[in-house]
Amino acid sequence: MSDAPILRIQGLEVQVAEEDLPILKGVDLEINSGEIHAIMGPNGSGKSTLAKALAGHPGYEVTSGSVEFRGEDLLELETDERSLAGVFLAFQYPVEIPGVSIANFLRTAVQAHLPEGEELDIFDYSDQLIERMTMLDMDVAFAERHVNDGFSGGEKKRNEILQMAMLRPKLALMDETDSGLDIDALKIVAEGVNKLKAEDPEMSVLLITHYQRLLDYIKPDHVHVMVDGRIVQSGGPEVALELEADGYKVFEDAAAETARA
Amino acid sequence: MPQNETIQDLNLDEYKYDFVTKSEPKFRAEKGLSEDVVRQISQHKDEPQWMLDFRLKALEVYESKPMPKWGGDLDGLEGVLDEIYFYVRPQDQMERSWDDVPDEIKDTFEKLGIPEAERKILAGVGAQYESEMVYHSLRKEWEDAGVIFDSIEDGLKNHPELFREYFGTVIPTGDNKFSAMNSAVWSGGSFVYIPKDVSLDTPLQAYFRVNQERMGQFERTLIIVDEGAQAHYIEGCTAPVYSTESFHSGVIEIIVKKNARFRYTTIQNWSNNMYNLVTQRAIVEEGGHMEWLDGNLGSKLTMKYPSCYLMGPHAHGEILSIAYSGDGQHQDTGGKVIHAAPYTTSSIVSKSISKGHGRSTYRGLCKVYEGAHHSRSNVECDALLIDETSRTDTYPYIEIEEDDASIGHEASVSKIGEEQLFYLMSRGISEVEAMAMIVRGFIEPIAKELPLEYAVELNRLIELEMEGSVG
């Protein structure tokens, strides 16, 4: 782990585009290279919005604040450029792309990540895909299936991890990766993330989750609590355990208090 | 992202084949349609009296029928027809070998950029240039097996009895105004006969192209697949851009005999000023199997509904179609299946993509006659709208006279969603490539049925439309 900051978020305010509906109301967060952070919070607190806004979702509009990623202004970049810069969003609800095979989709994505003018060697790519799928305990035939089309919840999430494994991001944003997974599927997905992390200790991870249980399998260095669009508490792994015991109520009451004042 | 890659800037009206190869026609009838023109055509082709009579009668039928009021907007058509040359003949002789094909014409094929499809299996290619077949050869083993793959004119000359037995029997002259017009002035097209139990592994391919400004193209194709035979016929078209309206009206008649199997594949990419009104129909006898695979790109208006008339028990008909409508284009396409015997089955899968102010219409008919018990039919039409201004309509007509029949119909309309684009772009894929990928995925169920070269070509054409790039 190094202490070089890879992501610096300052005073970030975000609203739903074309609606005057603020969701993030001033988020500050700093992630150093190689760190694993978790943001926990109740439904509607804005944690998924943060992940989407960082990835450049057109449905969200940044109204104030700044995001620096590896010294660059992340907010100036288009969605695809953010990916090329090293940001990866594992979706809470991966999107179906009928008729497009995973192999084809990933080839296009990997090609896009190569320096301009460099042509992806199809045999190298194929070797790499097989190697990554093997690492994640996936059947190679899976690559011929259409992206997320008819996938079970577990298959969708594993497909997200496969994409992450192929694209090797510097920062992985994992949006409720645990939602909709049974414990076996959760373990498989967490194991995949841990393998990738072991491969590249410099990779930073931001886990977004409602529940403690994911954090049993992926150990965070820092845990933040988000309520009503703000980070209201930050600390070590113990914060998650306290939440597990006491719930979000104390934070929600405090937030309501602040709003009244 | 640079400005020139945004969705708003996509130019879908660019036409890839916007070039004209200079070619001096040897003979050209006067503009417009008249008895004189019809007589000249017949005389030029040195036809028997019965064919001249057939043409003249068709002309009468044509003149007696009003313009159709349904389907696409044909209001501008009458003026167009007065300005069209109904017959152009580029060469007096049919070319026998590829070496004899004039360089200028080869050059045109070269520019079309689908050399794979023709050159790889040159022996099987019949290429139509303007109104005539200019290149036509047939693989030896096919000849030995008794397969006939001729121009329609040679079919009439060399196989008069077979020709006369079937010509005009699938699509009668009076079927519709444009089949009547075609019957009066037809020129060019293929005559195919596959003898009993002969099975062809390699598709028969015809490639043709309209090149003369204001020239109507009235190709006529007659295909007879005898009992137990199997074959696949592929036809692709492309036309250069002109400022004036152009017109194409073909008639394709197919007879699939008992237990025969046949597939007819067309990828048409007309220039954006073309009226494309085609009647294509197959009669399928007992246990026969007919598939239409139909791709429609370009044109100003296309009206085309491949049909299967299932006349014998256990006959099967399939129609797979894909349409792309860009700005100012209307693809009014679909399919018809007529169940006229018991245990007949059919399926229609129709996909359309509309972009800009493009409009796609699905128009289909499924009819089950009384007595066609245990018939099954399934219709699926999916429309993809690229943006807010594009439009799609669905007109599925179902007429069932038999209680014991099972008919399914599904329709879906989807838009290229923000979420799909965001998902792909979040993996580093550009917006333009992401759009193209979604579209390719949408047509995949059709593209995978095409021979590889054609699937690649179809994907490339659509990509070019999406990118607005030329070349």
# chains A, B, ... in the order shown; residues from 1 in each chain; ligands from 1

call {"tool": "residues_around", "arguments": {"residues": "Leu215 (chain A)", "least_positions_apart": "4", "cutoff": "9 Å", "atoms": "only C-alpha atoms", "output": "PyMOL selection string"}}
result
chain A and resi 38+207+209+211+219-220+237+240

call {"tool": "closest_atom_pairs", "arguments": {"of": "chain A", "to": "chain B", "cutoff": "6 Å", "atoms": "only C-alpha atoms", "output": "JSON lines"}}
result
{"residue": "A:Thr79", "atom": "CA", "partner": "B:Ser426", "partner_atom": "CA", "distance": 5.5}
{"residue": "A:Asp80", "atom": "CA", "partner": "B:Gly428", "partner_atom": "CA", "distance": 4.0}
{"residue": "A:Ser83", "atom": "CA", "partner": "B:Gly428", "partner_atom": "CA", "distance": 4.8}
{"residue": "A:Leu84", "atom": "CA", "partner": "B:Gly428", "partner_atom": "CA", "distance": 5.4}
{"residue": "A:Pro98", "atom": "CA", "partner": "B:Gly441", "partner_atom": "CA", "distance": 5.6}
{"residue": "A:Gly99", "atom": "CA", "partner": "B:Gly441", "partner_atom": "CA", "distance": 3.7}
{"residue": "A:Val100", "atom": "CA", "partner": "B:Gly441", "partner_atom": "CA", "distance": 4.8}
{"residue": "A:Ala109", "atom": "CA", "partner": "B:Ile429", "partner_atom": "CA", "distance": 5.6}
{"residue": "A:Ala112", "atom": "CA", "partner": "B:Gly428", "partner_atom": "CA", "distance": 5.9}

call {"tool": "write_last_selection", "arguments": {"atoms": "C-alpha atoms", "output": "PDB file, in the first residue's frame"}}
result
ATOM      1  CA  THR A  79     -17.766   7.997 -19.442  1.00  0.00           C
ATOM      2  CA  ASP A  80     -15.553   5.977 -21.807  1.00  0.00           C
ATOM      3  CA  SER A  83     -12.756   3.831 -18.046  1.00  0.00           C
ATOM      4  CA  LEU A  84      -9.642   4.334 -20.135  1.00  0.00           C
ATOM      5  CA  PRO A  98     -28.880  -9.023 -26.445  1.00  0.00           C
ATOM      6  CA  GLY A  99     -27.050 -10.483 -29.426  1.00  0.00           C
ATOM      7  CA  VAL A 100     -23.601  -9.394 -28.265  1.00  0.00           C
ATOM      8  CA  ALA A 109     -13.444  -3.039 -24.557  1.00  0.00           C
ATOM      9  CA  ALA A 112     -10.384   0.408 -26.623  1.00  0.00           C
TER      10      ALA A 112
END

call {"tool": "residues_around", "arguments": {"residues": "region 181-185 of chain A", "least_positions_apart": "2", "cutoff": "9 Å", "atoms": "only C-alpha atoms", "output": "VMD selection string"}}
result
chain A and resid 153 to 155 157 to 158 177 to 179 187 to 190

call {"tool": "residues_around", "arguments": {"residues": "Leu196 (chain A)", "least_positions_apart": "4", "cutoff": "9 Å", "atoms": "only C-alpha atoms", "output": "ChimeraX atom specification"}}
result
/A:164-165,168,191-192,200-201,203

call {"tool": "residues_around", "arguments": {"residues": "Ser34 (chain B)", "least_positions_apart": "5", "cutoff": "12 Å", "atoms": "only C-alpha atoms", "output": "PDB file with C-alpha atoms, in the first residue's frame"}}
result
ATOM      1  CA  ALA B  29     -36.795   2.552 -74.899  1.00  0.00           C
ATOM      2  CA  ARG B  39     -43.873  -4.326 -77.856  1.00  0.00           C
ATOM      3  CA  GLN B  40     -40.313  -3.067 -78.256  1.00  0.00           C
ATOM      4  CA  ILE B  41     -39.158  -4.983 -75.202  1.00  0.00           C
ATOM      5  CA  ARG B  55     -47.215  -8.641 -71.507  1.00  0.00           C
ATOM      6  CA  LEU B  56     -49.911  -6.710 -73.335  1.00  0.00           C
ATOM      7  CA  ALA B  58     -50.612  -7.305 -68.088  1.00  0.00           C
ATOM      8  CA  LEU B  59     -50.333  -3.736 -69.319  1.00  0.00           C
ATOM      9  CA  GLU B  60     -54.119  -3.543 -69.520  1.00  0.00           C
ATOM     10  CA  TYR B  62     -51.830  -2.444 -64.776  1.00  0.00           C
ATOM     11  CA  GLU B  63     -53.656   0.489 -66.295  1.00  0.00           C
ATOM     12  CA  LEU B  81     -43.104   6.744 -63.601  1.00  0.00           C
ATOM     13  CA  ASP B  82     -43.599   9.142 -66.521  1.00  0.00           C
ATOM     14  CA  ILE B  84     -38.596   6.403 -66.121  1.00  0.00           C
ATOM     15  CA  TYR B  85     -37.038   4.361 -68.904  1.00  0.00           C
ATOM     16  CA  PHE B  86     -38.738   1.033 -68.629  1.00  0.00           C
ATOM     17  CA  TYR B  87     -36.101  -0.814 -70.580  1.00  0.00           C
ATOM     18  CA  MET B 181     -46.468  -3.631 -64.225  1.00  0.00           C
ATOM     19  CA  ALA B 184     -45.741  -6.086 -68.742  1.00  0.00           C
ATOM     20  CA  VAL B 185     -42.158  -4.902 -68.783  1.00  0.00           C
TER      21      VAL B 185
END

call {"tool": "residues_around", "arguments": {"residues": "Ile36 (chain A)", "least_positions_apart": "2", "cutoff": "10 Å", "atoms": "only C-alpha atoms", "output": "PyMOL selection string"}}
result
chain A and resi 31-34+38+171-172+197+203-207+218-223

call {"tool": "write_last_selection", "arguments": {"atoms": "C-alpha atoms", "output": "PDB file, in the first residue's frame"}}
result
ATOM      1  CA  ILE A  31      -8.717   7.154  -1.259  1.00  0.00           C
ATOM      2  CA  ASN A  32      -5.067   6.273  -1.400  1.00  0.00           C
ATOM      3  CA  SER A  33      -3.550   3.906  -3.866  1.00  0.00           C
ATOM      4  CA  GLY A  34      -4.108   0.306  -2.847  1.00  0.00           C
ATOM      5  CA  ALA A  38     -16.428   0.799   2.080  1.00  0.00           C
ATOM      6  CA  LEU A 171      -9.989   2.073  -9.053  1.00  0.00           C
ATOM      7  CA  ALA A 172     -12.872  -0.362  -8.807  1.00  0.00           C
ATOM      8  CA  LYS A 197      -6.393  -7.291  -5.446  1.00  0.00           C
ATOM      9  CA  MET A 203      -5.593  -1.294  -7.136  1.00  0.00           C
ATOM     10  CA  SER A 204      -7.969   0.709  -4.967  1.00  0.00           C
ATOM     11  CA  VAL A 205     -11.495  -0.468  -4.247  1.00  0.00           C
ATOM     12  CA  LEU A 206     -14.585   1.415  -3.168  1.00  0.00           C
ATOM     13  CA  LEU A 207     -17.229  -0.984  -1.917  1.00  0.00           C
ATOM     14  CA  ILE A 218     -13.528  -8.345   1.403  1.00  0.00           C
ATOM     15  CA  LYS A 219     -11.736  -6.597   4.259  1.00  0.00           C
ATOM     16  CA  PRO A 220     -11.890  -2.813   4.092  1.00  0.00           C
ATOM     17  CA  ASP A 221      -9.205  -0.503   5.440  1.00  0.00           C
ATOM     18  CA  HIS A 222     -11.696   2.316   5.945  1.00  0.00           C
ATOM     19  CA  VAL A 223     -15.449   2.375   6.418  1.00  0.00           C
TER      20      VAL A 223
END

call {"tool": "residues_around", "arguments": {"residues": "Glu13 (chain A)", "least_positions_apart": "2", "cutoff": "9 Å", "atoms": "only C-alpha atoms", "output": "number ranges by chain"}}
result
A: 11, 15, 22-27, 61-66, 229
